[in-house]
>>> print(open('final.cif').read())   # mmCIF, C-alpha atoms
data_coords
loop_
_atom_site.label_atom_id
_atom_site.label_comp_id
_atom_site.auth_asym_id
_atom_site.auth_seq_id
_atom_site.Cartn_x
_atom_site.Cartn_y
_atom_site.Cartn_z
CA MET A 1 -2.13 -20.53 55.26
CA ARG A 2 1.98 -16.14 59.14
CA ARG A 3 7.13 -5.96 63.00
CA LEU A 4 8.26 -4.60 65.60
CA ARG A 5 9.60 -1.41 67.17
CA ALA A 6 13.35 -1.42 67.65
CA CYS A 7 12.86 -0.25 71.24
CA LEU A 8 11.11 -3.48 72.29
CA GLY A 9 14.35 -5.22 73.33
CA ALA A 10 14.80 -5.28 77.09
CA ALA A 11 11.13 -5.03 78.04
CA ALA A 12 10.23 -7.91 75.74
CA ALA A 13 13.08 -10.02 77.07
CA VAL A 14 11.87 -9.53 80.66
CA THR A 15 8.28 -10.36 79.70
CA LEU A 16 9.26 -13.48 77.80
CA ALA A 17 11.61 -14.68 80.52
CA ALA A 18 8.75 -14.32 82.99
CA ALA A 19 6.61 -16.45 80.68
CA GLY A 20 9.20 -19.22 80.87
CA THR A 21 10.26 -19.18 77.26
CA THR A 22 13.54 -20.53 75.94
CA ALA A 23 15.77 -18.08 74.10
CA LEU A 24 17.02 -19.08 70.69
CA VAL A 25 19.53 -17.25 68.52
CA ALA A 26 19.06 -16.86 64.78
CA SER A 27 21.82 -15.58 62.52
CA ASN A 28 21.27 -13.76 59.27
CA ALA A 29 23.60 -13.75 56.28
CA SER A 30 25.58 -10.79 57.60
CA GLY A 31 26.31 -12.51 60.92
CA ALA A 32 24.02 -10.32 63.03
CA THR A 33 21.94 -12.18 65.61
CA SER A 34 18.52 -11.73 67.20
CA ALA A 35 17.39 -13.70 70.23
CA LEU A 36 13.77 -14.76 70.36
CA GLY A 37 11.90 -16.89 72.85
CA ASN A 38 9.72 -19.84 71.96
CA ARG A 39 6.64 -17.73 72.73
CA TRP A 40 7.40 -15.60 69.67
CA TYR A 41 7.63 -18.60 67.37
CA ALA A 42 4.34 -19.78 68.89
CA ALA A 43 2.76 -16.42 68.01
CA ALA A 44 4.09 -16.10 64.45
CA PRO A 45 1.28 -15.44 61.93
CA TYR A 46 1.54 -16.91 58.44
CA LEU A 47 3.02 -14.83 55.63
CA MET A 48 3.33 -15.81 51.98
CA PRO A 49 6.57 -14.03 50.97
CA LEU A 50 6.21 -14.66 47.22
CA ASP A 51 2.44 -14.70 46.55
CA ASN A 52 -0.82 -12.93 47.43
CA ASP A 53 0.59 -9.38 47.29
CA PRO A 54 3.12 -9.83 50.13
CA PRO A 55 3.06 -6.97 52.65
CA ASP A 56 6.26 -5.33 53.89
CA PRO A 57 7.21 -7.20 57.09
CA ALA A 58 9.25 -4.24 58.32
CA ALA A 59 6.16 -2.02 58.17
CA ILE A 60 4.14 -4.60 60.11
CA MET A 61 6.88 -4.83 62.74
CA ASP A 62 6.94 -1.05 63.16
CA ALA A 63 3.15 -0.78 63.37
CA THR A 64 2.42 -3.69 65.72
CA GLY A 65 5.51 -4.82 67.63
CA LEU A 66 5.38 -8.25 65.97
CA LYS A 67 8.73 -10.04 65.85
CA ALA A 68 8.09 -13.47 64.30
CA PHE A 69 6.68 -14.60 60.95
CA GLN A 70 5.56 -18.04 59.73
CA LEU A 71 6.67 -18.18 56.09
CA ALA A 72 4.58 -20.42 53.80
CA PHE A 73 4.81 -22.89 52.06
CA VAL A 74 7.63 -25.32 51.23
CA LEU A 75 6.54 -28.09 48.84
CA ALA A 76 7.99 -30.73 46.55
CA PRO A 77 8.75 -29.56 43.00
CA ASN A 78 5.71 -29.49 40.72
CA GLY A 79 7.68 -31.51 38.18
CA GLY A 80 8.53 -34.23 40.68
CA GLY A 81 11.46 -34.94 42.97
CA CYS A 82 12.46 -34.86 46.63
CA SER A 83 13.88 -31.36 46.99
CA PRO A 84 12.37 -28.34 48.74
CA THR A 85 10.79 -25.49 46.80
CA TRP A 86 8.67 -22.48 47.62
CA GLY A 87 5.19 -23.22 46.34
CA GLY A 88 6.39 -26.04 44.13
CA THR A 89 8.16 -23.69 41.72
CA ALA A 90 11.08 -21.82 43.34
CA PRO A 91 13.95 -24.07 44.55
CA VAL A 92 15.11 -23.31 48.06
CA SER A 93 18.69 -24.07 47.03
CA SER A 94 18.88 -21.07 44.67
CA ASP A 95 16.50 -18.77 46.52
CA THR A 96 17.42 -15.14 47.11
CA ALA A 97 13.95 -13.54 47.31
CA VAL A 98 12.80 -15.22 50.53
CA GLN A 99 16.30 -14.87 51.98
CA SER A 100 16.02 -11.12 51.44
CA VAL A 101 12.71 -11.05 53.35
CA ILE A 102 14.28 -13.02 56.21
CA ASN A 103 17.28 -10.69 56.31
CA THR A 104 14.94 -7.68 56.54
CA ILE A 105 13.07 -9.24 59.46
CA ARG A 106 16.23 -10.26 61.32
CA ALA A 107 17.83 -6.85 60.79
CA LYS A 108 14.94 -5.41 62.83
CA GLY A 109 15.37 -7.90 65.67
CA GLY A 110 12.85 -10.49 64.48
CA ASP A 111 13.00 -14.02 63.13
CA VAL A 112 11.02 -16.53 61.09
CA SER A 113 9.70 -20.05 61.15
CA VAL A 114 9.03 -21.88 57.89
CA SER A 115 5.85 -23.83 57.24
CA ILE A 116 5.87 -26.92 55.06
CA GLY A 117 2.78 -28.37 53.41
CA GLY A 118 -0.48 -26.44 53.45
CA TYR A 119 -3.58 -27.13 51.38
CA GLY A 120 -2.97 -28.40 47.83
CA GLY A 121 0.23 -29.03 45.92
CA THR A 122 2.56 -32.00 46.33
CA LYS A 123 4.20 -32.36 49.73
CA LEU A 124 7.66 -33.72 50.33
CA GLY A 125 6.19 -36.49 52.46
CA GLN A 126 4.38 -37.67 49.35
CA ALA A 127 7.33 -37.29 46.98
CA CYS A 128 10.22 -38.61 49.10
CA ALA A 129 10.84 -42.32 49.57
CA ASP A 130 10.94 -42.44 53.36
CA ALA A 131 11.20 -40.40 56.55
CA ALA A 132 15.00 -40.07 56.28
CA SER A 133 14.93 -38.58 52.78
CA THR A 134 12.00 -36.34 53.74
CA ALA A 135 13.98 -35.09 56.73
CA ALA A 136 17.05 -34.52 54.55
CA ALA A 137 14.99 -32.29 52.25
CA TYR A 138 13.68 -30.25 55.17
CA GLN A 139 17.17 -30.06 56.68
CA GLN A 140 18.22 -28.16 53.55
CA VAL A 141 15.65 -25.50 54.45
CA ILE A 142 16.76 -25.33 58.09
CA THR A 143 20.41 -25.03 57.10
CA LYS A 144 19.82 -22.56 54.27
CA TYR A 145 17.95 -20.07 56.48
CA GLY A 146 19.46 -20.87 59.90
CA LEU A 147 16.03 -21.80 61.26
CA HIS A 148 15.14 -22.37 64.87
CA ALA A 149 11.48 -23.15 64.22
CA ILE A 150 9.50 -25.15 61.66
CA ASP A 151 5.81 -25.90 61.15
CA PHE A 152 4.39 -29.11 59.65
CA ASP A 153 1.05 -28.08 58.12
CA LEU A 154 -0.50 -31.50 57.51
CA GLU A 155 -3.88 -31.30 55.80
CA GLU A 156 -5.68 -32.26 52.59
CA PRO A 157 -4.84 -34.09 50.50
CA GLU A 158 -1.65 -35.27 52.19
CA TYR A 159 -3.07 -36.22 55.56
CA GLU A 160 -5.32 -38.76 53.83
CA ASN A 161 -2.15 -40.56 52.65
CA THR A 162 -0.94 -42.91 55.40
CA ALA A 163 2.55 -43.35 53.92
CA ALA A 164 3.01 -39.60 53.46
CA ILE A 165 1.99 -38.84 57.05
CA LYS A 166 4.36 -41.54 58.30
CA ASN A 167 7.15 -39.83 56.35
CA GLU A 168 6.25 -36.36 57.67
CA ILE A 169 5.99 -37.40 61.31
CA GLY A 170 9.18 -39.44 61.01
CA ALA A 171 10.95 -36.49 59.41
CA ALA A 172 9.75 -34.16 62.16
CA LYS A 173 11.16 -36.51 64.79
CA ILE A 174 14.52 -36.73 62.99
CA LEU A 175 14.75 -32.95 62.65
CA GLN A 176 13.86 -32.49 66.32
CA GLN A 177 16.67 -34.89 67.29
CA ASN A 178 19.25 -33.43 64.90
CA ASN A 179 18.55 -29.76 65.65
CA PRO A 180 18.57 -29.29 69.44
CA GLY A 181 16.14 -26.58 70.56
CA LEU A 182 14.21 -26.60 67.26
CA TYR A 183 10.66 -25.37 67.86
CA VAL A 184 8.30 -27.76 66.03
CA SER A 185 4.60 -27.21 65.52
CA VAL A 186 2.20 -29.57 63.76
CA THR A 187 -0.91 -27.96 62.28
CA THR A 188 -3.97 -29.82 61.01
CA ALA A 189 -7.65 -29.37 60.24
CA GLY A 190 -10.14 -28.54 62.98
CA THR A 191 -13.71 -29.76 63.39
CA ALA A 192 -16.44 -29.14 65.95
CA ASP A 193 -15.25 -32.33 67.68
CA GLY A 194 -11.66 -31.05 67.74
CA THR A 195 -10.24 -32.72 64.66
CA GLY A 196 -11.52 -35.31 62.21
CA TRP A 197 -10.65 -38.93 61.54
CA PHE A 198 -7.49 -38.14 59.56
CA GLY A 199 -6.30 -35.72 62.22
CA LYS A 200 -6.76 -38.39 64.85
CA GLN A 201 -4.85 -40.89 62.73
CA MET A 202 -2.01 -38.38 62.46
CA LEU A 203 -1.90 -38.10 66.27
CA LEU A 204 -1.81 -41.88 66.57
CA GLU A 205 1.08 -41.98 64.10
CA ALA A 206 2.97 -39.48 66.25
CA LYS A 207 2.28 -41.59 69.33
CA SER A 208 3.46 -44.77 67.60
CA GLN A 209 6.73 -43.09 66.62
CA GLY A 210 7.26 -41.57 70.06
CA PHE A 211 7.20 -38.04 68.63
CA THR A 212 6.05 -35.05 70.69
CA PRO A 213 6.30 -31.60 69.07
CA ASN A 214 6.00 -28.33 70.95
CA ASN A 215 2.34 -28.35 69.97
CA PHE A 216 -0.39 -29.86 67.85
CA SER A 217 -2.46 -26.98 66.46
CA ILE A 218 -5.91 -27.18 64.90
CA MET A 219 -7.48 -24.80 62.38
CA PRO A 220 -11.09 -24.28 63.54
CA PHE A 221 -12.47 -22.71 60.37
CA ASP A 222 -13.91 -23.92 57.04
CA GLY A 223 -15.94 -26.47 58.97
CA GLY A 224 -19.25 -24.79 59.78
CA PHE A 225 -17.87 -22.66 62.61
CA ASN A 226 -19.81 -19.65 63.83
CA GLY A 227 -17.59 -17.23 65.73
CA ALA A 228 -15.31 -17.64 68.71
CA THR A 229 -17.62 -19.74 70.88
CA SER A 230 -17.62 -22.56 68.34
CA GLN A 231 -13.84 -22.29 68.06
CA THR A 232 -13.17 -22.46 71.81
CA SER A 233 -15.55 -25.42 72.01
CA ALA A 234 -13.46 -27.19 69.35
CA LEU A 235 -10.28 -26.40 71.27
CA THR A 236 -11.81 -27.89 74.42
CA ASN A 237 -12.76 -31.04 72.51
CA PHE A 238 -9.31 -31.26 70.94
CA ASN A 239 -7.78 -31.07 74.40
CA THR A 240 -9.78 -34.17 75.34
CA ILE A 241 -8.47 -35.95 72.22
CA LEU A 242 -4.87 -35.09 73.18
CA GLN A 243 -5.46 -36.42 76.68
CA SER A 244 -6.91 -39.72 75.49
CA THR A 245 -4.31 -40.21 72.75
CA PHE A 246 -1.15 -39.48 74.72
CA GLY A 247 -2.29 -40.16 78.28
CA TRP A 248 -1.74 -36.54 79.31
CA ASP A 249 -3.62 -34.70 82.02
CA GLN A 250 -5.62 -31.64 80.99
CA ALA A 251 -2.88 -29.11 81.79
CA THR A 252 -0.22 -31.06 79.90
CA ALA A 253 -2.54 -31.35 76.90
CA TYR A 254 -3.16 -27.59 76.87
CA ALA A 255 0.60 -27.01 77.12
CA HIS A 256 0.92 -28.97 73.84
CA GLU A 257 -2.12 -27.44 72.10
CA GLY A 258 -2.30 -24.63 69.58
CA PHE A 259 -4.83 -22.50 67.70
CA SER A 260 -4.44 -21.50 64.05
CA GLY A 261 -7.31 -19.26 62.94
CA MET A 262 -8.34 -17.44 59.79
CA ASN A 263 -8.85 -13.70 60.08
CA GLY A 264 -11.94 -12.24 58.45
CA ARG A 265 -13.92 -14.21 55.89
CA SER A 266 -13.00 -17.89 55.54
CA ASP A 267 -13.08 -20.00 52.39
CA THR A 268 -16.57 -21.22 53.27
CA GLY A 269 -17.98 -17.79 54.14
CA GLU A 270 -17.53 -17.82 57.92
CA ASN A 271 -16.57 -14.43 59.40
CA PHE A 272 -14.09 -14.05 62.26
CA THR A 273 -13.76 -10.53 63.61
CA GLN A 274 -11.36 -8.83 65.97
CA ALA A 275 -13.77 -9.60 68.82
CA ASP A 276 -13.63 -13.30 67.96
CA PHE A 277 -9.83 -13.21 68.02
CA GLN A 278 -9.89 -11.54 71.43
CA THR A 279 -12.18 -14.24 72.82
CA VAL A 280 -9.98 -17.05 71.52
CA LEU A 281 -6.84 -15.25 72.74
CA ASP A 282 -8.34 -15.00 76.23
CA TYR A 283 -9.14 -18.72 76.11
CA ALA A 284 -5.64 -19.61 74.90
CA THR A 285 -3.85 -17.58 77.55
CA SER A 286 -6.15 -18.60 80.41
CA HIS A 287 -5.59 -22.28 79.56
CA ASN A 288 -1.82 -21.84 79.05
CA MET A 289 -1.96 -23.04 75.46
CA ASP A 290 1.31 -23.19 73.54
CA ARG A 291 0.40 -21.48 70.25
CA PHE A 292 -1.83 -18.76 68.79
CA THR A 293 -1.45 -17.96 65.11
CA PHE A 294 -3.56 -17.18 62.04
CA TRP A 295 -3.81 -17.26 58.27
CA SER A 296 -2.63 -14.77 57.16
CA LEU A 297 -0.76 -11.47 57.27
CA ASN A 298 -1.34 -11.14 53.51
CA ARG A 299 -5.05 -10.88 54.45
CA ASP A 300 -4.60 -8.59 57.49
CA ARG A 301 -5.89 -5.44 55.77
CA GLN A 302 -9.24 -4.10 54.70
CA CYS A 303 -10.70 -4.88 51.29
CA THR A 304 -12.24 -2.34 48.96
CA PRO A 305 -15.21 -2.65 49.25
CA VAL A 306 -15.22 -4.06 52.77
CA ASP A 307 -17.21 -7.19 51.87
CA ASN A 308 -15.13 -7.70 48.72
CA GLY A 309 -18.25 -8.70 46.83
CA GLY A 310 -18.81 -11.67 49.13
CA ARG A 311 -15.64 -13.40 47.91
CA THR A 312 -12.89 -14.69 50.16
CA SER A 313 -9.60 -13.02 49.24
CA GLY A 314 -5.97 -13.99 49.70
CA THR A 315 -4.94 -10.34 49.99
CA CYS A 316 -7.49 -8.80 52.40
CA SER A 317 -9.86 -9.91 55.15
CA SER A 318 -13.32 -8.90 53.86
CA VAL A 319 -14.18 -7.45 57.29
CA ALA A 320 -13.88 -3.87 58.54
CA GLN A 321 -10.46 -3.31 60.06
CA ASN A 322 -7.34 -1.22 60.32
CA SER A 323 -4.28 -2.68 58.67
CA TRP A 324 -2.58 -5.30 60.87
CA ASP A 325 -5.37 -5.39 63.49
CA PHE A 326 -5.16 -9.17 63.72
CA ALA A 327 -1.37 -9.24 64.03
CA LYS A 328 -1.70 -7.40 67.33
CA TYR A 329 -3.41 -10.41 68.90
CA SER A 330 -0.32 -12.48 68.14
CA VAL A 331 1.80 -9.77 69.76
CA ARG A 332 -0.32 -9.95 72.89
CA PHE A 333 -0.03 -13.75 72.98
CA ALA A 334 3.76 -13.33 72.93
CA GLY A 335 3.44 -11.24 76.09
CA VAL A 336 4.04 -7.79 74.60
CA THR A 337 1.73 -4.77 74.43
CA PRO A 338 1.27 -3.43 70.87
CA PRO A 339 1.70 0.29 70.19
CA THR A 340 -1.24 2.38 71.36
CA GLY A 341 -3.36 4.71 69.26
CA THR A 342 -6.14 4.26 66.76
CA PRO A 343 -4.83 4.70 63.23
CA THR A 344 -7.06 5.69 60.36
CA PRO A 345 -8.21 2.62 58.44
CA THR A 346 -6.07 2.04 55.39
CA PRO A 347 -8.07 -0.06 52.95
CA THR A 348 -6.30 -1.89 50.20
CA PRO A 349 -6.54 0.35 47.12
CA THR A 350 -8.49 -0.94 44.17
CA PRO A 351 -5.96 -1.94 41.50
CA THR A 352 -6.13 -0.28 38.12
CA PRO A 353 -7.93 -2.74 35.81
CA THR A 354 -5.79 -4.31 33.12
CA SER A 355 -6.77 -6.10 29.93
CA CYS A 356 -8.36 -9.51 30.41
CA LYS A 357 -6.53 -12.68 29.41
CA ALA A 358 -8.20 -15.42 27.39
CA ALA A 359 -11.30 -16.73 29.15
CA TRP A 360 -10.96 -19.76 31.43
CA SER A 361 -12.29 -23.03 30.05
CA GLY A 362 -13.33 -25.97 32.19
CA SER A 363 -12.15 -28.45 29.57
CA ALA A 364 -8.70 -26.95 28.99
CA VAL A 365 -5.55 -28.16 30.75
CA TYR A 366 -3.43 -25.47 32.39
CA THR A 367 0.08 -25.69 33.82
CA ALA A 368 1.97 -23.46 36.26
CA GLY A 369 2.21 -19.90 34.95
CA ASN A 370 -0.70 -20.06 32.50
CA GLU A 371 -2.99 -17.02 32.73
CA VAL A 372 -6.74 -16.79 32.17
CA SER A 373 -9.62 -14.44 32.91
CA TYR A 374 -12.71 -15.34 34.91
CA ASN A 375 -15.39 -13.24 36.60
CA LYS A 376 -13.66 -10.00 35.49
CA HIS A 377 -10.36 -10.97 37.14
CA ASN A 378 -7.13 -12.34 35.71
CA TRP A 379 -5.80 -15.54 37.27
CA LYS A 380 -2.45 -17.38 37.11
CA ALA A 381 -2.15 -21.15 37.54
CA LYS A 382 0.04 -22.27 40.45
CA TRP A 383 0.27 -25.84 39.20
CA TRP A 384 -1.34 -28.28 36.72
CA THR A 385 -5.12 -27.96 36.77
CA GLN A 386 -8.21 -28.83 34.81
CA ASN A 387 -11.87 -27.97 35.51
CA GLU A 388 -11.07 -26.18 38.80
CA THR A 389 -12.87 -22.83 38.79
CA PRO A 390 -10.67 -19.78 39.52
CA GLY A 391 -11.54 -18.21 42.86
CA ALA A 392 -13.53 -21.18 44.16
CA SER A 393 -11.07 -21.51 47.01
CA GLU A 394 -8.11 -19.49 48.23
CA TRP A 395 -6.27 -22.80 48.56
CA GLY A 396 -6.96 -23.77 44.98
CA PRO A 397 -4.67 -23.80 41.93
CA TRP A 398 -5.39 -20.21 40.84
CA GLN A 399 -3.73 -17.01 42.05
CA ASP A 400 -5.83 -13.87 41.70
CA GLU A 401 -3.94 -11.20 39.71
CA GLY A 402 -6.58 -8.52 40.11
CA ALA A 403 -9.46 -6.98 38.21
CA CYS A 404 -9.44 -6.73 34.44
#
>>> encode(input="final.cif", output="structure tokens")
Amino acid sequence: MRRLRACLGAAAAVTLAAAGTTALVASNASGATSALGNRWYAAAPYLMPLDNDPPDPAAIMDATGLKAFQLAFVLAPNGGGCSPTWGGTAPVSSDTAVQSVINTIRAKGGDVSVSIGGYGGTKLGQACADAASTAAAYQQVITKYGLHAIDFDLEEPEYENTAAIKNEIGAAKILQQNNPGLYVSVTTAGTADGTGWFGKQMLLEAKSQGFTPNNFSIMPFDGGFNGATSQTSALTNFNTILQSTFGWDQATAYAHEGFSGMNGRSDTGENFTQADFQTVLDYATSHNMDRFTFWSLNRDRQCTPVDNGGRTSGTCSSVAQNSWDFAKYSVRFAGVTPPTGTPTPTPTPTPTPTSCKAAWSGSAVYTAGNEVSYNKHNWKAKWWTQNETPGASEWGPWQDEGAC
């Protein structure tokens, strides 16, 4: 699974206009507006505003020059139904916490996109009856937050469900038609060949419905990747898939292609460093790709210790870095130069251990909010789970609450 200096204004506008972006205006609750170009929405890194120790977006904006954030994730309610929630638990209709984050970002001249789906949980495309009702649920999110950008993160297990993907793609097309100028990205799994069988089926569904988003982005990680060279190779292969699927030439395919990386250590133990991000950024810009983003800003800070015991974390990168190093690559993709200077690394402090909850049991059934201890950490269930080991995957049902 997403910062700026107030003085960016005019210089950024000139740079973005030169890049051919389309200005959009987003209004916050107080009526203030901030104009962003599509290039910023294409560069927005993912941010979980309610989980994984959310960082202060205003501090990131000040430190890096970043203006856009990809907020994650909107899902169907854990208890069932066709209405949007944050993470399956917090209804969008009554939300104030995420709205406050958005207001903070917009007050500093930035804006947000919202990502729906992600890995795990129940997606609205699965829960809603058809494309129209799925679109109506997402329209509530667009209207609530005054959005001008949205991301369809279509991956396991949803993208293995033909009916669900038909609903999601159909909903995306309806939203695109009903919200002129809406920036729409579609993100899916990456493989060495570009994307796998389910990703290709999703592209064919889009073709059959006559739907073309701003970009189709792949996530070239968690699939046996080894640094930037393997990622750029996957992007080249994905470009060929886009050409053959939609009948585009190479340049048109690149103009509708995006990269969504994972900074630092991935779920499967791959490591992507700042140098890897620079290589992929150079590839993306030289090929005029439409999107460059990463998962996530919650992880864009150094762990303590640096290797975090060999465990992938949702709150730090597990590689040596200064805070917000990876966000600066998104800033550069948007056409802006980040602030200069080399700050002192600011590792995430080790939390003060607390008492351990009851030990996790593989045979027990847990529901959202239940707490357990495992491997000297406390964990909280995000949704119903049984026999899924805490910490086995960042995308899994358990949220790490720190050492105990």
>>> residues_around(input="final.cif", residues="A:Tyr41", least_positions_apart="5", cutoff="8 Å", atoms="only C-alpha atoms", output="number ranges by chain")
A: 36, 68-70, 112-113, 149, 183
>>> atom_distance(input="final.cif", atom1="atom CA of A:Thr367", atom2="atom CA of A:Ala381")
6.3 Å
>>> resolve_selection(input="final.cif", expression="the PyMOL selection byres ((chain A and resi 272-279) around 12)", output="VMD selection string")
chain A and resid 220 to 222 225 to 233 259 to 271 280 to 286 292 to 295 300 302 317 to 333
>>> write_last_selection(input="final.cif", atoms="C-alpha atoms", output="short mmCIF file (atom, residue, chain, number, x, y, z; two decimals), keeping the file's coordinate frame")
data_model
loop_
_atom_site.label_atom_id
_atom_site.label_comp_id
_atom_site.auth_asym_id
_atom_site.auth_seq_id
_atom_site.Cartn_x
_atom_site.Cartn_y
_atom_site.Cartn_z
CA PRO A 220 -11.09 -24.28 63.54
CA PHE A 221 -12.47 -22.71 60.37
CA ASP A 222 -13.91 -23.92 57.04
CA PHE A 225 -17.87 -22.66 62.61
CA ASN A 226 -19.81 -19.65 63.83
CA GLY A 227 -17.59 -17.23 65.73
CA ALA A 228 -15.31 -17.64 68.71
CA THR A 229 -17.62 -19.74 70.88
CA SER A 230 -17.62 -22.56 68.34
CA GLN A 231 -13.84 -22.29 68.06
CA THR A 232 -13.17 -22.46 71.81
CA SER A 233 -15.55 -25.42 72.01
CA PHE A 259 -4.83 -22.50 67.70
CA SER A 260 -4.44 -21.50 64.05
CA GLY A 261 -7.31 -19.26 62.94
CA MET A 262 -8.34 -17.44 59.79
CA ASN A 263 -8.85 -13.70 60.08
CA GLY A 264 -11.94 -12.24 58.45
CA ARG A 265 -13.92 -14.21 55.89
CA SER A 266 -13.00 -17.89 55.54
CA ASP A 267 -13.08 -20.00 52.39
CA THR A 268 -16.57 -21.22 53.27
CA GLY A 269 -17.98 -17.79 54.14
CA GLU A 270 -17.53 -17.82 57.92
CA ASN A 271 -16.57 -14.43 59.40
CA VAL A 280 -9.98 -17.05 71.52
CA LEU A 281 -6.84 -15.25 72.74
CA ASP A 282 -8.34 -15.00 76.23
CA TYR A 283 -9.14 -18.72 76.11
CA ALA A 284 -5.64 -19.61 74.90
CA THR A 285 -3.85 -17.58 77.55
CA SER A 286 -6.15 -18.60 80.41
CA PHE A 292 -1.83 -18.76 68.79
CA THR A 293 -1.45 -17.96 65.11
CA PHE A 294 -3.56 -17.18 62.04
CA TRP A 295 -3.81 -17.26 58.27
CA ASP A 300 -4.60 -8.59 57.49
CA GLN A 302 -9.24 -4.10 54.70
CA SER A 317 -9.86 -9.91 55.15
CA SER A 318 -13.32 -8.90 53.86
CA VAL A 319 -14.18 -7.45 57.29
CA ALA A 320 -13.88 -3.87 58.54
CA GLN A 321 -10.46 -3.31 60.06
CA ASN A 322 -7.34 -1.22 60.32
CA SER A 323 -4.28 -2.68 58.67
CA TRP A 324 -2.58 -5.30 60.87
CA ASP A 325 -5.37 -5.39 63.49
CA PHE A 326 -5.16 -9.17 63.72
CA ALA A 327 -1.37 -9.24 64.03
CA LYS A 328 -1.70 -7.40 67.33
CA TYR A 329 -3.41 -10.41 68.90
CA SER A 330 -0.32 -12.48 68.14
CA VAL A 331 1.80 -9.77 69.76
CA ARG A 332 -0.32 -9.95 72.89
CA PHE A 333 -0.03 -13.75 72.98
#
>>> atom_distance(input="final.cif", atom1="atom CA of A:Ser296", atom2="atom CA of A:Pro49")
11.1 Å
>>> atom_distance(input="final.cif", atom1="atom CA of A:Pro57", atom2="atom CA of A:Leu297")
9.0 Å
>>> build_atoms(input="final.cif", residues="stretch 83-87 of chain A", atoms="all heavy atoms", output="PDB file, in the frame of the given file")
ATOM      1  N   SER A  83      13.087 -32.532  46.609  1.00  0.00           N
ATOM      2  CA  SER A  83      13.880 -31.360  46.990  1.00  0.00           C
ATOM      3  C   SER A  83      12.942 -30.223  47.323  1.00  0.00           C
ATOM      4  O   SER A  83      11.872 -30.108  46.730  1.00  0.00           O
ATOM      5  CB  SER A  83      14.836 -30.961  45.854  1.00  0.00           C
ATOM      6  OG  SER A  83      14.104 -30.619  44.694  1.00  0.00           O
ATOM      7  N   PRO A  84      13.296 -29.369  48.280  1.00  0.00           N
ATOM      8  CA  PRO A  84      12.370 -28.340  48.740  1.00  0.00           C
ATOM      9  C   PRO A  84      12.268 -27.155  47.790  1.00  0.00           C
ATOM     10  O   PRO A  84      13.266 -26.684  47.242  1.00  0.00           O
ATOM     11  CB  PRO A  84      12.973 -27.911  50.082  1.00  0.00           C
ATOM     12  CG  PRO A  84      14.449 -28.153  49.921  1.00  0.00           C
ATOM     13  CD  PRO A  84      14.551 -29.388  49.057  1.00  0.00           C
ATOM     14  N   THR A  85      11.045 -26.695  47.607  1.00  0.00           N
ATOM     15  CA  THR A  85      10.790 -25.490  46.800  1.00  0.00           C
ATOM     16  C   THR A  85       9.783 -24.618  47.535  1.00  0.00           C
ATOM     17  O   THR A  85       9.049 -25.088  48.407  1.00  0.00           O
ATOM     18  CB  THR A  85      10.198 -25.844  45.425  1.00  0.00           C
ATOM     19  OG1 THR A  85       8.846 -26.320  45.614  1.00  0.00           O
ATOM     20  CG2 THR A  85      11.014 -26.889  44.694  1.00  0.00           C
ATOM     21  N   TRP A  86       9.728 -23.364  47.171  1.00  0.00           N
ATOM     22  CA  TRP A  86       8.670 -22.480  47.620  1.00  0.00           C
ATOM     23  C   TRP A  86       7.507 -22.619  46.639  1.00  0.00           C
ATOM     24  O   TRP A  86       7.644 -22.331  45.450  1.00  0.00           O
ATOM     25  CB  TRP A  86       9.145 -21.033  47.689  1.00  0.00           C
ATOM     26  CG  TRP A  86      10.087 -20.793  48.827  1.00  0.00           C
ATOM     27  CD1 TRP A  86      11.438 -20.696  48.786  1.00  0.00           C
ATOM     28  CD2 TRP A  86       9.724 -20.653  50.209  1.00  0.00           C
ATOM     29  NE1 TRP A  86      11.953 -20.504  50.042  1.00  0.00           N
ATOM     30  CE2 TRP A  86      10.920 -20.470  50.940  1.00  0.00           C
ATOM     31  CE3 TRP A  86       8.507 -20.660  50.891  1.00  0.00           C
ATOM     32  CZ2 TRP A  86      10.931 -20.293  52.317  1.00  0.00           C
ATOM     33  CZ3 TRP A  86       8.513 -20.489  52.266  1.00  0.00           C
ATOM     34  CH2 TRP A  86       9.716 -20.306  52.969  1.00  0.00           C
ATOM     35  N   GLY A  87       6.386 -23.111  47.152  1.00  0.00           N
ATOM     36  CA  GLY A  87       5.190 -23.220  46.340  1.00  0.00           C
ATOM     37  C   GLY A  87       5.264 -24.192  45.198  1.00  0.00           C
ATOM     38  O   GLY A  87       4.429 -24.148  44.288  1.00  0.00           O
TER      39      GLY A  87
END
